[in-house]
Structures are given as structure tokens and as C-alpha cells.
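Trainee: Would you mind keeping the following structure in view while I ask a few things?
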Amino acid sequence: MFEEFENNDDRLVYTVTQISNEIKLILEDSYQAVWIQGEISNFKLYNSGHMYFSVKDANAQIKAVMFQNVNVGLKFALHDGMKVLVYGRVSSYPKSGDYQIIVNHMEQYGKGELYEAYEQLKKKLELEGLFDESVKKVIPDVVNRIGIVTSQEGAALHDILKVIDSLNANVEVLIYPVRVQGKKSEKEISQAIKFLNAHYKNLDVLLVGRGGGSIEDLWSFNTESVARAIFDSEIPVVSCVGHETDFTIADFVADMRAPTPSAAAEMILRKRSDIKVRLEILQDSLNSAVNLLLDDRTEKLDRLMSSRALLKPHLIYEDKISYVDEMDTRLLNNIRRLYGTKSEKLKDVMHKLDIVSPLSVLKRGFSVCFDSDNKIVKNSKIVNVGDNIRIKLALGSLNAEVKSHD
């Protein structure tokens, strides 16, 4: 099982492989069948169907694997925070030096303490209205200034900056580095949000989050102080914690939840990018419309410049004079015809009036007799003998005295 080397002090020396293999045999011989109670953490299901996770309590954890041929019979879905009883054998993985339990059977024991704390805080804040859609602030369509609260060394910051660069977004970025796990992280995250609200009110949005991890790694974003700092923020907050399947209290309180940090950057800048593209399209359309209008007006101007009105305006003037002369002649002719027609009608009326005129009657030898009051005498008995009368003839009149009457 091991090689013995000759040396001056007669030491027994193992190779790394030798000691690892020996530890593996010792563990498998000593713990061939054990029950372990604990809480699932950092659960992962691979495409092969094998499940890898950790079983932990408050002070320690052990890695575990449940192969596909065994876990296919599970009656429940595994997730971080679930309390379980696992049965299997303890072994080790020599290449990494880690020891683990190979699980042959699993029973659901109950919810883990962290999960219960998560549910209690979630219920409390939900009853207080911190999750209500009506209180969430609107993320601006055009974001120019971004505040980022995350670890300076973490992958989250790198992913966010990479997206900003890929979108060629000309934005200002203010990074407030904080711890994103551990005892001090909760305080640093909440203080960062408050500080940026107090001193950088011109920020359009805050990205608060980190990359993925176990429920313990993400726990700072499940704390009440961080949740209330997000809720009290006057700057809209986008929560971008973990992976797409990770949900934290911060996600529910934030004004927008992004499945990943890179998705958060794309979500807030995509509208800006879309608006930029639309503006560019509109600008191209406007330029095309203006050029088309200019071409049309230029063509019309060219036609006008080559028209007879501009090249030989006197021809138009001469034509108009001829037209006016023609209209003048036609007007005079129409007046003459109208005058002749009216004259004939007037003569005809005058003739008719002359026929019925009293003067015409007098011309035929008749006369009209007037008494002294210049009234027509129609009856001889209305005058007396000796009255003066006047007799109207066709030409002139006679004054006479009544000598007698019948």
C-alpha cells in the first residue's frame, strides 16, 4: 500500500495518491452505512441526472452525491434549505481530497432554519406592503447614470460592465464596493444604498446584487435591513442576485428584479439602446423624406425656370392684351344688341300706350269739358246756365259760358 524509501532517519513516506487511497478505504470500511440529518445547500442537478449538494448544520457540512439510478425514485424535488435524512456510505474523492457521502436513500425531514427565517421575514414584509406593485418606482426609459452596489472582485461587476461595453452605452457608472457575503456584508450593503441616496441623488438607477451561490452565500440579501434600505431608496433599485432560479427578499422589495447581474444591465439599457436605434431609423427616414422633397421641389423649380412665363414674359402680356381687346369688342356688341332689343320693346309699349291715351281720342275730334272747379263734366245737368266751362281740344282749349242744356 505504500513504498518505503531509504533515508537517514528511517522515515516512512507516502505519495499523495497513496495516502488518499488509504483514507478512502478507511472511510468506506468505517462508515459503510450511516444516517445523517442536515440541511441541503448548494444543490445542483447535472444533465447526467446525478445530484450534487452539501448536507450541513450550524457548524459543519459534508458534500454528498446521489446518482441518477438512485434519485430517480425520489417523490419530492430537492432545493436549498430543505431538511433531510440521508442514508449512505462515507467515501472520499482522491483527486480533490474531499470526503463525501454517497447517498442511497433520502427522506424529507423538514424545512431548514434559514428557509424558515426566509419565509417568516417574507411574510412580515409582505403584510407591511413592501412588495406592493403600487409603491414600486418606475425605471427611466433612458438611463444615463448607474450606481452599482456589489463586490469589487466578484463576477457580477465584471458581467455588468461587460454588458455596458457590448451595448456601447455612453453612461456614467458609479461603483460602491461592498462585501456580499459574511457577517459584515448586510451592514455594508444597506449603508451603501443609503449613502448613494444621500450623496448621489442624480443617479437614475441602482443595481444591487451579486453572482450565484448557496443560500448561505446569498443570505445578506434575505435580511431585513437590506430589504428596508431598498424600500426606502428614492433611487429606483434593480435587484440582481444570483442566478435565474434564485429568489431573495431583495428581489421582492426592489422596483425591478433581474435574473442575473448581466441581465439587469441589459434590461435597463435595452430601452435606451432601442430608443437610440429608433431615433437613428427616424433620422434616416427624415433625411430620406427631406431629400425626396428637395428633389421634387428642385424638379418643379427647373420646370418653372424653363417655362415661357419666365423666359418670354412679354408673350403672356401680349396674349392677355389680345384677350382683353376681344372681350371689349364682344362686350360692345352685346350692349348694342341689348340696346336694340330694348329700344324695339320700348317703341312697342309706347305705341300701345298711345292707342289707349286720351290725347289720341282728342285727335280724332273728341273733346273734354271741365267745370269751374276743373272737374270733368260727364253729365250736362251738373252745370247750370251761365256757368263758365273749359273745353279741352286736341290742340288747345276753349273757355265758354253755358247758354242752355238738355
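Each chain in the C-alpha cells gets a letter, A, B, ..., in the order shown, and its residues are numbered from 1; ligands are numbered from 1 in order too.
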List as number ranges by chain the protein and nucleic acid residues near A:Leu206, meaning an atom at most 12 Å away when only C-alpha atoms are counted, but skip any in the same chain fewer than 6 places from it.

Mentor: A: 137, 139-140, 143-150, 173-176, 189, 192-197, 200, 229-230, 233-240, 254-257, 261, 264-265, 268

Trainee: Restrict the calculation to only C-alpha atoms, then for each residue of stretch 200-305 of chain A with any atom at most 10 Å from an atom of stretch 179-187 of chain A give the closest atom pair and their distance in Å to one decimal, rows by chain and rising residue number, as a tab-separated table.

Mentor:
residue	atom	partner	partner_atom	distance
A:Val208	CA	A:Val180	CA	9.9
A:Gly209	CA	A:Val180	CA	7.7
A:Arg210	CA	A:Val180	CA	6.6
A:Gly211	CA	A:Val180	CA	9.2
A:Gly213	CA	A:Gln181	CA	9.9
A:Glu216	CA	A:Gln181	CA	8.0
A:Asp217	CA	A:Gln181	CA	5.5
A:Leu218	CA	A:Gln181	CA	6.7
A:Trp219	CA	A:Gln181	CA	7.1
A:Ser220	CA	A:Glu186	CA	4.9
A:Phe221	CA	A:Glu186	CA	7.4
A:Asn222	CA	A:Glu186	CA	9.0
A:Thr223	CA	A:Glu186	CA	7.0
A:Glu224	CA	A:Glu186	CA	9.0
A:Ser225	CA	A:Glu186	CA	7.2
A:Val226	CA	A:Glu186	CA	6.4
A:Ala227	CA	A:Glu186	CA	9.9
A:Val241	CA	A:Val180	CA	9.9

Trainee: Restricting the calculation to only C-alpha atoms, which member of A:Leu293, A:Leu207, A:Asn287, A:Gly38 is positioned closest to A:Asn59?

Mentor: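 Comparing A:Leu293, A:Leu207, A:Asn287, A:Gly38 against A:Asn59, the winner is A:Gly38.
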
Trainee: What is the atom CA of A:Gln191-atom CA of A:Phe231 distance in Å, reported with one decimal?

Mentor: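 These atoms are spaced 13.2 Å apart.
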
Trainee: Can you work out which one of A:Leu395, A:Leu121, A:Val55, A:Ile164 has the shortest atom-to-atom distance to A:Val253, counting only C-alpha atoms?

Mentor: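 Smallest separation from A:Val253 among the options: A:Leu121.
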
Trainee: Counting only C-alpha atoms, figure out which residue out of A:Val70, A:Ile215, A:Leu12, A:Leu167 gets nearest to A:Ser54.

Mentor: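 Closest to A:Ser54 of all the choices is A:Ile215.
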
Trainee: Can you tell me, as an MDAnalysis selection string, what residues are no more than 7 Å from A:His105 when counting only C-alpha atoms, ignoring any on the same chain fewer than 2 positions away?

Mentor: chainID A and resid 86:88 103

Trainee: When you look at A:Gly73 with a cut-off of 12 Å (counting only C-alpha atoms), what residues show up, excluding the ones that are within fewer than 2 positions of it in the same chain? I need them as a ChimeraX atom specification.

Mentor: /A:49,66-71,75-77,104-107
